[in-house]
$ cat coords.cif   # mmCIF, C-alpha atoms; chains and numbers go by the auth columns
data_upload
loop_
_atom_site.group_PDB
_atom_site.id
_atom_site.type_symbol
_atom_site.label_atom_id
_atom_site.label_comp_id
_atom_site.label_asym_id
_atom_site.label_seq_id
_atom_site.Cartn_x
_atom_site.Cartn_y
_atom_site.Cartn_z
_atom_site.B_iso_or_equiv
_atom_site.auth_seq_id
_atom_site.auth_asym_id
ATOM 1 C CA MET A 1 11.046 109.645 -116.951 0.00 1 A
ATOM 2 C CA LYS A 2 8.847 107.230 -115.029 0.00 2 A
ATOM 3 C CA ARG A 3 10.544 104.569 -112.864 0.00 3 A
ATOM 4 C CA SER A 4 9.138 101.089 -112.607 0.00 4 A
ATOM 5 C CA ARG A 5 7.508 100.062 -109.334 0.00 5 A
ATOM 6 C CA ARG A 6 10.311 97.595 -108.705 0.00 6 A
ATOM 7 C CA SER A 7 13.060 100.199 -109.104 0.00 7 A
ATOM 8 C CA ALA A 8 11.095 102.670 -106.977 0.00 8 A
ATOM 9 C CA ARG A 9 10.792 100.084 -104.199 0.00 9 A
ATOM 10 C CA SER A 10 14.463 99.236 -104.563 0.00 10 A
ATOM 11 C CA GLY A 11 15.402 102.911 -104.317 0.00 11 A
ATOM 12 C CA ARG A 12 13.272 103.416 -101.205 0.00 12 A
ATOM 13 C CA ARG A 13 14.804 100.344 -99.621 0.00 13 A
ATOM 14 C CA SER A 14 18.343 101.490 -100.426 0.00 14 A
ATOM 15 C CA ARG A 15 17.742 105.007 -99.119 0.00 15 A
ATOM 16 C CA GLY A 16 16.146 103.620 -95.977 0.00 16 A
ATOM 17 C CA TRP A 17 19.093 101.393 -95.222 0.00 17 A
ATOM 18 C CA SER A 18 21.717 103.990 -96.009 0.00 18 A
ATOM 19 C CA ALA A 19 19.955 106.664 -93.991 0.00 19 A
ATOM 20 C CA ARG A 20 19.267 104.772 -90.786 0.00 20 A
ATOM 21 C CA SER A 21 20.838 101.332 -90.898 0.00 21 A
ATOM 22 C CA PRO A 22 23.080 100.169 -88.078 0.00 22 A
ATOM 23 C CA LEU A 23 24.925 98.327 -90.835 0.00 23 A
ATOM 24 C CA ARG A 24 26.100 101.630 -92.300 0.00 24 A
ATOM 25 C CA THR A 25 29.071 101.746 -89.933 0.00 25 A
ATOM 26 C CA GLY A 26 28.478 98.478 -88.115 0.00 26 A
ATOM 27 C CA SER A 27 31.372 99.009 -85.742 0.00 27 A
ATOM 28 C CA GLN A 28 29.398 99.581 -82.544 0.00 28 A
ATOM 29 C CA ILE A 29 29.962 96.710 -80.100 0.00 29 A
ATOM 30 C CA CYS A 30 26.896 94.741 -79.024 0.00 30 A
ATOM 31 C CA PRO A 31 26.586 94.233 -75.274 0.00 31 A
ATOM 32 C CA GLY A 32 26.644 90.619 -74.189 0.00 32 A
ATOM 33 C CA ALA A 33 28.061 89.401 -77.480 0.00 33 A
ATOM 34 C CA GLY A 34 31.154 91.612 -77.567 0.00 34 A
ATOM 35 C CA TRP A 35 30.910 91.628 -81.358 0.00 35 A
ATOM 36 C CA PRO A 36 30.390 94.527 -83.759 0.00 36 A
ATOM 37 C CA VAL A 37 26.835 95.134 -85.000 0.00 37 A
ATOM 38 C CA ARG A 38 27.598 93.802 -88.475 0.00 38 A
ATOM 39 C CA LEU A 39 29.015 90.564 -87.112 0.00 39 A
ATOM 40 C CA VAL A 40 25.926 90.067 -84.935 0.00 40 A
ATOM 41 C CA ALA A 41 23.656 90.733 -87.939 0.00 41 A
ATOM 42 C CA PHE A 42 25.740 88.226 -89.941 0.00 42 A
ATOM 43 C CA HIS A 43 25.385 85.768 -87.049 0.00 43 A
ATOM 44 C CA ILE A 44 21.586 86.110 -87.145 0.00 44 A
ATOM 45 C CA ALA A 45 21.594 85.297 -90.856 0.00 45 A
ATOM 46 C CA ARG A 46 23.968 82.351 -90.346 0.00 46 A
ATOM 47 C CA GLY A 47 21.617 81.140 -87.625 0.00 47 A
ATOM 48 C CA PHE A 48 18.731 81.090 -90.090 0.00 48 A
ATOM 49 C CA GLU A 49 20.883 79.030 -92.455 0.00 49 A
ATOM 50 C CA ARG A 50 21.713 76.525 -89.692 0.00 50 A
ATOM 51 C CA GLN A 51 18.066 76.325 -88.643 0.00 51 A
ATOM 52 C CA ALA A 52 17.068 75.698 -92.261 0.00 52 A
ATOM 53 C CA GLU A 53 19.631 72.865 -92.278 0.00 53 A
ATOM 54 C CA PHE A 54 18.001 71.352 -89.191 0.00 54 A
ATOM 55 C CA VAL A 55 14.617 71.300 -90.943 0.00 55 A
ATOM 56 C CA GLU A 56 16.082 70.026 -94.229 0.00 56 A
ATOM 57 C CA GLU A 57 17.978 67.232 -92.496 0.00 57 A
ATOM 58 C CA ALA A 58 14.942 66.182 -90.457 0.00 58 A
ATOM 59 C CA GLN A 59 12.948 65.870 -93.688 0.00 59 A
ATOM 60 C CA ALA A 60 15.727 64.258 -95.773 0.00 60 A
ATOM 61 C CA GLY A 61 16.513 61.531 -93.291 0.00 61 A
ATOM 62 C CA PRO A 62 19.802 62.202 -91.482 0.00 62 A
ATOM 63 C CA GLY A 63 17.730 62.941 -88.412 0.00 63 A
ATOM 64 C CA PRO A 64 17.686 65.694 -85.841 0.00 64 A
ATOM 65 C CA HIS A 65 20.499 68.057 -85.048 0.00 65 A
ATOM 66 C CA ARG A 66 21.998 67.175 -81.674 0.00 66 A
ATOM 67 C CA PHE A 67 22.700 70.565 -80.138 0.00 67 A
ATOM 68 C CA ASP A 68 25.732 71.076 -77.917 0.00 68 A
ATOM 69 C CA TRP A 69 26.704 74.446 -76.454 0.00 69 A
ATOM 70 C CA GLY A 70 30.418 73.633 -76.739 0.00 70 A
ATOM 71 C CA ASP A 71 30.049 72.909 -80.455 0.00 71 A
ATOM 72 C CA ALA A 72 27.917 76.034 -80.930 0.00 72 A
ATOM 73 C CA HIS A 73 30.474 78.265 -79.199 0.00 73 A
ATOM 74 C CA ALA A 74 33.313 76.706 -81.213 0.00 74 A
ATOM 75 C CA LEU A 75 31.413 77.261 -84.484 0.00 75 A
ATOM 76 C CA ASN A 76 30.612 80.860 -83.559 0.00 76 A
ATOM 77 C CA ALA A 77 34.238 81.517 -82.594 0.00 77 A
ATOM 78 C CA SER A 78 35.523 80.052 -85.854 0.00 78 A
ATOM 79 C CA VAL A 79 33.074 82.125 -87.932 0.00 79 A
ATOM 80 C CA ALA A 80 33.985 85.283 -85.997 0.00 80 A
ATOM 81 C CA ALA A 81 37.705 84.572 -86.357 0.00 81 A
ATOM 82 C CA ALA A 82 37.417 83.847 -90.079 0.00 82 A
ATOM 83 C CA ASP A 83 35.509 87.039 -90.828 0.00 83 A
ATOM 84 C CA PRO A 84 35.374 89.358 -87.800 0.00 84 A
ATOM 85 C CA SER A 85 34.176 92.291 -89.867 0.00 85 A
ATOM 86 C CA PRO A 86 31.785 91.262 -92.645 0.00 86 A
ATOM 87 C CA THR A 87 31.014 94.048 -95.046 0.00 87 A
ATOM 88 C CA ARG A 88 27.618 95.671 -95.206 0.00 88 A
ATOM 89 C CA ALA A 89 27.171 94.077 -98.637 0.00 89 A
ATOM 90 C CA GLU A 90 27.928 90.595 -97.256 0.00 90 A
ATOM 91 C CA VAL A 91 25.414 91.027 -94.449 0.00 91 A
ATOM 92 C CA MET A 92 22.800 92.498 -96.777 0.00 92 A
ATOM 93 C CA ALA A 93 23.235 89.567 -99.194 0.00 93 A
ATOM 94 C CA LEU A 94 23.238 86.796 -96.592 0.00 94 A
ATOM 95 C CA GLY A 95 20.241 88.118 -94.642 0.00 95 A
ATOM 96 C CA PRO A 96 17.573 87.797 -97.344 0.00 96 A
ATOM 97 C CA ARG A 97 19.166 84.632 -98.758 0.00 97 A
ATOM 98 C CA SER A 98 19.039 82.878 -95.379 0.00 98 A
ATOM 99 C CA VAL A 99 15.432 83.956 -94.800 0.00 99 A
ATOM 100 C CA ARG A 100 14.488 82.583 -98.230 0.00 100 A
ATOM 101 C CA ARG A 101 16.238 79.326 -97.400 0.00 101 A
ATOM 102 C CA ILE A 102 14.416 78.767 -94.126 0.00 102 A
ATOM 103 C CA ALA A 103 11.125 79.723 -95.796 0.00 103 A
ATOM 104 C CA ALA A 104 11.825 77.255 -98.606 0.00 104 A
ATOM 105 C CA ALA A 105 12.657 74.498 -96.125 0.00 105 A
ATOM 106 C CA ILE A 106 9.320 74.962 -94.387 0.00 106 A
ATOM 107 C CA GLY A 107 7.438 75.526 -97.624 0.00 107 A
ATOM 108 C CA ALA A 108 8.728 72.210 -98.980 0.00 108 A
ATOM 109 C CA THR A 109 7.560 70.360 -95.872 0.00 109 A
ATOM 110 C CA ALA A 110 4.126 68.791 -95.616 0.00 110 A
ATOM 111 C CA ASP A 111 2.122 69.955 -92.599 0.00 111 A
ATOM 112 C CA ALA A 112 2.280 66.533 -90.952 0.00 112 A
ATOM 113 C CA ASP A 113 6.066 66.432 -91.412 0.00 113 A
ATOM 114 C CA LEU A 114 6.504 69.699 -89.532 0.00 114 A
ATOM 115 C CA GLU A 115 6.212 67.619 -86.375 0.00 115 A
ATOM 116 C CA ARG A 116 9.295 65.538 -87.228 0.00 116 A
ATOM 117 C CA ILE A 117 12.056 65.943 -84.691 0.00 117 A
ATOM 118 C CA ALA A 118 14.642 68.354 -86.080 0.00 118 A
ATOM 119 C CA PHE A 119 16.523 69.451 -82.958 0.00 119 A
ATOM 120 C CA VAL A 120 17.531 67.744 -79.707 0.00 120 A
ATOM 121 C CA ASP A 121 18.935 69.697 -76.758 0.00 121 A
ATOM 122 C CA GLU A 122 19.674 68.005 -73.424 0.00 122 A
ATOM 123 C CA GLY A 123 17.259 65.215 -74.300 0.00 123 A
ATOM 124 C CA ARG A 124 14.443 67.587 -75.291 0.00 124 A
ATOM 125 C CA GLU A 125 13.210 66.751 -78.762 0.00 125 A
ATOM 126 C CA ARG A 126 11.933 69.659 -80.832 0.00 126 A
ATOM 127 C CA SER A 127 10.007 69.631 -84.100 0.00 127 A
ATOM 128 C CA SER A 128 10.724 71.477 -87.341 0.00 128 A
ATOM 129 C CA ARG A 129 7.774 73.699 -86.445 0.00 129 A
ATOM 130 C CA TRP A 130 9.500 74.600 -83.144 0.00 130 A
ATOM 131 C CA VAL A 131 12.843 75.257 -84.885 0.00 131 A
ATOM 132 C CA VAL A 132 11.264 77.855 -87.157 0.00 132 A
ATOM 133 C CA GLY A 133 8.551 79.198 -84.849 0.00 133 A
ATOM 134 C CA SER A 134 10.565 79.428 -81.641 0.00 134 A
ATOM 135 C CA LEU A 135 14.294 78.841 -82.022 0.00 135 A
ATOM 136 C CA ALA A 136 14.794 81.020 -85.109 0.00 136 A
ATOM 137 C CA VAL A 137 12.511 83.772 -83.853 0.00 137 A
ATOM 138 C CA ASP A 138 13.939 83.857 -80.322 0.00 138 A
ATOM 139 C CA GLN A 139 17.544 83.752 -81.553 0.00 139 A
ATOM 140 C CA ALA A 140 16.957 86.636 -83.954 0.00 140 A
ATOM 141 C CA ARG A 141 14.995 88.650 -81.393 0.00 141 A
ATOM 142 C CA GLY A 142 17.675 88.295 -78.721 0.00 142 A
ATOM 143 C CA HIS A 143 20.446 89.389 -81.058 0.00 143 A
ATOM 144 C CA ARG A 144 18.332 92.216 -82.474 0.00 144 A
ATOM 145 C CA GLU A 145 17.915 93.533 -78.940 0.00 145 A
ATOM 146 C CA ARG A 146 21.715 93.548 -78.586 0.00 146 A
ATOM 147 C CA ILE A 147 22.019 95.461 -81.857 0.00 147 A
ATOM 148 C CA ALA A 148 19.401 97.982 -80.692 0.00 148 A
ATOM 149 C CA ALA A 149 21.289 98.481 -77.420 0.00 149 A
ATOM 150 C CA ALA A 150 24.563 99.022 -79.274 0.00 150 A
ATOM 151 C CA ILE A 151 23.224 101.598 -81.690 0.00 151 A
ATOM 152 C CA SER A 152 21.266 103.499 -79.067 0.00 152 A
ATOM 153 C CA SER A 153 24.246 104.014 -76.773 0.00 153 A
#
$ encode --input "coords.cif" --output "structure tokens"
Amino acid sequence: MKRSRRSARSGRRSRGWSARSPLRTGSQICPGAGWPVRLVAFHIARGFERQAEFVEEAQAGPGPHRFDWGDAHALNASVAAADPSPTRAEVMALGPRSVRRIAAAIGATADADLERIAFVDEGRERSSRWVVGSLAVDQARGHRERIAAAISS
């Protein structure tokens, strides 16, 4: 019986994740964060959702997100306390959904509007382009490095 290309891709993806994914157990603790791998992966996906919100709000009119480390730490602590051990399925569902959301936010934005201020930190104004091209990328990269350190130890 011949499988469709889609199901073949899906099967390869599933086998790949189950065979080598840090999300399989997800209990290793990430250095620096002090959180399990799955919670850090969930945090990356939640970050993409927040960054999509920054872009959406800059385009819709409420204006830029005013970043505050105290607020960010409080939000992170409340998310971690509410669900300190997200399941693999939760992480695997939120990850692609949050990436699609940030892609949709940028895709729905005219090129000229990408320069609208979406994020303000300590008086530094940052555009939607910066949120997606720097903030989102750097945040994910930094946390990915923590995950890599946790699973390699």
$ resolve_selection --input "coords.cif" --expression "the PyMOL selection byres ((chain A and resi 141-143) around 9)" --output "PDB file with C-alpha atoms, in the frame of the given file"
ATOM      1  CA  CYS A  30      26.896  94.741 -79.024  1.00  0.00           C
ATOM      2  CA  ALA A  33      28.061  89.401 -77.480  1.00  0.00           C
ATOM      3  CA  VAL A  40      25.926  90.067 -84.935  1.00  0.00           C
ATOM      4  CA  ALA A  41      23.656  90.733 -87.939  1.00  0.00           C
ATOM      5  CA  HIS A  43      25.385  85.768 -87.049  1.00  0.00           C
ATOM      6  CA  ILE A  44      21.586  86.110 -87.145  1.00  0.00           C
ATOM      7  CA  ALA A 136      14.794  81.020 -85.109  1.00  0.00           C
ATOM      8  CA  VAL A 137      12.511  83.772 -83.853  1.00  0.00           C
ATOM      9  CA  ASP A 138      13.939  83.857 -80.322  1.00  0.00           C
ATOM     10  CA  GLN A 139      17.544  83.752 -81.553  1.00  0.00           C
ATOM     11  CA  ALA A 140      16.957  86.636 -83.954  1.00  0.00           C
ATOM     12  CA  ARG A 144      18.332  92.216 -82.474  1.00  0.00           C
ATOM     13  CA  GLU A 145      17.915  93.533 -78.940  1.00  0.00           C
ATOM     14  CA  ARG A 146      21.715  93.548 -78.586  1.00  0.00           C
ATOM     15  CA  ILE A 147      22.019  95.461 -81.857  1.00  0.00           C
ATOM     16  CA  ALA A 148      19.401  97.982 -80.692  1.00  0.00           C
TER      17      ALA A 148
END
$ closest_atom_pairs --input "coords.cif" --of "region 40-71 of chain A" --to "region 98-104 of chain A" --cutoff "8 Å" --atoms "all atoms listed in the file" --output "JSON lines"
{"residue": "A:Ala45", "atom": "CA", "partner": "A:Ser98", "partner_atom": "CA", "distance": 5.7}
{"residue": "A:Arg46", "atom": "CA", "partner": "A:Ser98", "partner_atom": "CA", "distance": 7.1}
{"residue": "A:Phe48", "atom": "CA", "partner": "A:Ser98", "partner_atom": "CA", "distance": 5.6}
{"residue": "A:Glu49", "atom": "CA", "partner": "A:Ser98", "partner_atom": "CA", "distance": 5.2}
{"residue": "A:Gln51", "atom": "CA", "partner": "A:Ile102", "partner_atom": "CA", "distance": 7.0}
{"residue": "A:Ala52", "atom": "CA", "partner": "A:Ile102", "partner_atom": "CA", "distance": 4.5}
$ resolve_selection --input "coords.cif" --expression "the PyMOL selection byres ((chain A and resi 28) around 9)" --output "list of chain:residue names"
A:Pro22, A:Thr25, A:Gly26, A:Ser27, A:Ile29, A:Cys30, A:Trp35, A:Pro36, A:Val37, A:Arg38, A:Ile147, A:Ala150, A:Ile151, A:Ser153
$ resolve_selection --input "coords.cif" --expression "the PyMOL selection byres ((chain A and resi 83) around 12)" --output "PyMOL selection string"
chain A and resi 35-36+38-40+42-43+76-82+84-87+90-91
$ write_last_selection --input "coords.cif" --atoms "C-alpha atoms" --output "PDB file, keeping the file's coordinate frame"
ATOM      1  CA  TRP A  35      30.910  91.628 -81.358  1.00  0.00           C
ATOM      2  CA  PRO A  36      30.390  94.527 -83.759  1.00  0.00           C
ATOM      3  CA  ARG A  38      27.598  93.802 -88.475  1.00  0.00           C
ATOM      4  CA  LEU A  39      29.015  90.564 -87.112  1.00  0.00           C
ATOM      5  CA  VAL A  40      25.926  90.067 -84.935  1.00  0.00           C
ATOM      6  CA  PHE A  42      25.740  88.226 -89.941  1.00  0.00           C
ATOM      7  CA  HIS A  43      25.385  85.768 -87.049  1.00  0.00           C
ATOM      8  CA  ASN A  76      30.612  80.860 -83.559  1.00  0.00           C
ATOM      9  CA  ALA A  77      34.238  81.517 -82.594  1.00  0.00           C
ATOM     10  CA  SER A  78      35.523  80.052 -85.854  1.00  0.00           C
ATOM     11  CA  VAL A  79      33.074  82.125 -87.932  1.00  0.00           C
ATOM     12  CA  ALA A  80      33.985  85.283 -85.997  1.00  0.00           C
ATOM     13  CA  ALA A  81      37.705  84.572 -86.357  1.00  0.00           C
ATOM     14  CA  ALA A  82      37.417  83.847 -90.079  1.00  0.00           C
ATOM     15  CA  PRO A  84      35.374  89.358 -87.800  1.00  0.00           C
ATOM     16  CA  SER A  85      34.176  92.291 -89.867  1.00  0.00           C
ATOM     17  CA  PRO A  86      31.785  91.262 -92.645  1.00  0.00           C
ATOM     18  CA  THR A  87      31.014  94.048 -95.046  1.00  0.00           C
ATOM     19  CA  GLU A  90      27.928  90.595 -97.256  1.00  0.00           C
ATOM     20  CA  VAL A  91      25.414  91.027 -94.449  1.00  0.00           C
TER      21      VAL A  91
END
$ axis_aligned_box --input "coords.cif" --around "region 81-87 of chain A" --padding-each-side "3 Å" --output "JSON"
{"center_x": 34.4, "center_y": 88.9, "center_z": -90.7, "size_x": 12.7, "size_y": 16.2, "size_z": 14.7}
$ build_atoms --input "coords.cif" --residues "region 96-107 of chain A" --atoms "all heavy atoms" --output "CSV table (one decimal), keeping the file's coordinate frame"
chain,number,residue,atom,x,y,z
A,96,PRO,N,18.7,88.2,-96.6
A,96,PRO,CA,17.6,87.8,-97.3
A,96,PRO,C,17.7,86.4,-97.9
A,96,PRO,O,16.8,85.6,-97.9
A,96,PRO,CB,17.5,88.8,-98.5
A,96,PRO,CG,18.3,90.0,-98.1
A,96,PRO,CD,19.3,89.5,-97.1
A,97,ARG,N,19.0,86.0,-98.2
A,97,ARG,CA,19.2,84.6,-98.8
A,97,ARG,C,18.9,83.6,-97.7
A,97,ARG,O,18.2,82.6,-98.0
A,97,ARG,CB,20.6,84.5,-99.3
A,97,ARG,CG,20.9,83.2,-100.0
A,97,ARG,CD,22.2,83.2,-100.6
A,97,ARG,NE,23.3,83.2,-99.7
A,97,ARG,CZ,24.3,84.1,-99.7
A,97,ARG,NH1,24.4,85.0,-100.6
A,97,ARG,NH2,25.3,84.0,-98.8
A,98,SER,N,19.3,83.8,-96.5
A,98,SER,CA,19.0,82.9,-95.4
A,98,SER,C,17.6,82.8,-95.0
A,98,SER,O,17.0,81.7,-94.7
A,98,SER,CB,19.9,83.2,-94.2
A,98,SER,OG,19.6,84.4,-93.6
A,99,VAL,N,16.9,84.0,-95.1
A,99,VAL,CA,15.4,84.0,-94.8
A,99,VAL,C,14.7,83.2,-95.9
A,99,VAL,O,13.8,82.4,-95.6
A,99,VAL,CB,14.9,85.4,-94.7
A,99,VAL,CG1,13.4,85.4,-94.7
A,99,VAL,CG2,15.5,86.1,-93.4
A,100,ARG,N,15.1,83.4,-97.1
A,100,ARG,CA,14.5,82.6,-98.2
A,100,ARG,C,14.7,81.1,-98.1
A,100,ARG,O,13.9,80.3,-98.3
A,100,ARG,CB,15.0,83.0,-99.6
A,100,ARG,CG,14.4,84.4,-100.1
A,100,ARG,CD,14.8,84.7,-101.5
A,100,ARG,NE,16.2,84.7,-101.8
A,100,ARG,CZ,17.0,85.7,-101.7
A,100,ARG,NH1,16.5,86.9,-101.3
A,100,ARG,NH2,18.3,85.7,-102.0
A,101,ARG,N,15.9,80.7,-97.6
A,101,ARG,CA,16.2,79.3,-97.4
A,101,ARG,C,15.4,78.7,-96.3
A,101,ARG,O,14.8,77.6,-96.5
A,101,ARG,CB,17.7,79.1,-97.1
A,101,ARG,CG,18.1,77.7,-96.9
A,101,ARG,CD,19.5,77.5,-96.8
A,101,ARG,NE,19.8,76.1,-96.5
A,101,ARG,CZ,21.0,75.6,-96.2
A,101,ARG,NH1,22.0,76.4,-96.1
A,101,ARG,NH2,21.2,74.3,-96.0
A,102,ILE,N,15.2,79.4,-95.2
A,102,ILE,CA,14.4,78.8,-94.1
A,102,ILE,C,12.9,78.7,-94.5
A,102,ILE,O,12.2,77.8,-94.3
A,102,ILE,CB,14.6,79.5,-92.8
A,102,ILE,CG1,14.2,78.6,-91.6
A,102,ILE,CG2,13.9,80.8,-92.7
A,102,ILE,CD1,14.7,79.0,-90.3
A,103,ALA,N,12.5,79.7,-95.3
A,103,ALA,CA,11.1,79.7,-95.8
A,103,ALA,C,10.9,78.6,-96.8
A,103,ALA,O,9.9,77.9,-96.8
A,103,ALA,CB,10.8,81.1,-96.4
A,104,ALA,N,11.9,78.3,-97.6
A,104,ALA,CA,11.8,77.3,-98.6
A,104,ALA,C,11.8,75.9,-97.9
A,104,ALA,O,11.1,75.0,-98.3
A,104,ALA,CB,13.0,77.3,-99.6
A,105,ALA,N,12.6,75.8,-96.9
A,105,ALA,CA,12.7,74.5,-96.1
A,105,ALA,C,11.3,74.2,-95.5
A,105,ALA,O,10.8,73.0,-95.6
A,105,ALA,CB,13.7,74.6,-95.0
A,106,ILE,N,10.7,75.2,-95.0
A,106,ILE,CA,9.3,75.0,-94.4
A,106,ILE,C,8.3,74.8,-95.5
A,106,ILE,O,7.4,73.9,-95.4
A,106,ILE,CB,9.0,76.1,-93.4
A,106,ILE,CG1,9.8,76.0,-92.2
A,106,ILE,CG2,7.5,76.2,-93.1
A,106,ILE,CD1,9.5,74.8,-91.4
A,107,GLY,N,8.4,75.6,-96.5
A,107,GLY,CA,7.4,75.5,-97.6
A,107,GLY,C,7.5,74.2,-98.3
A,107,GLY,O,6.4,73.8,-98.9
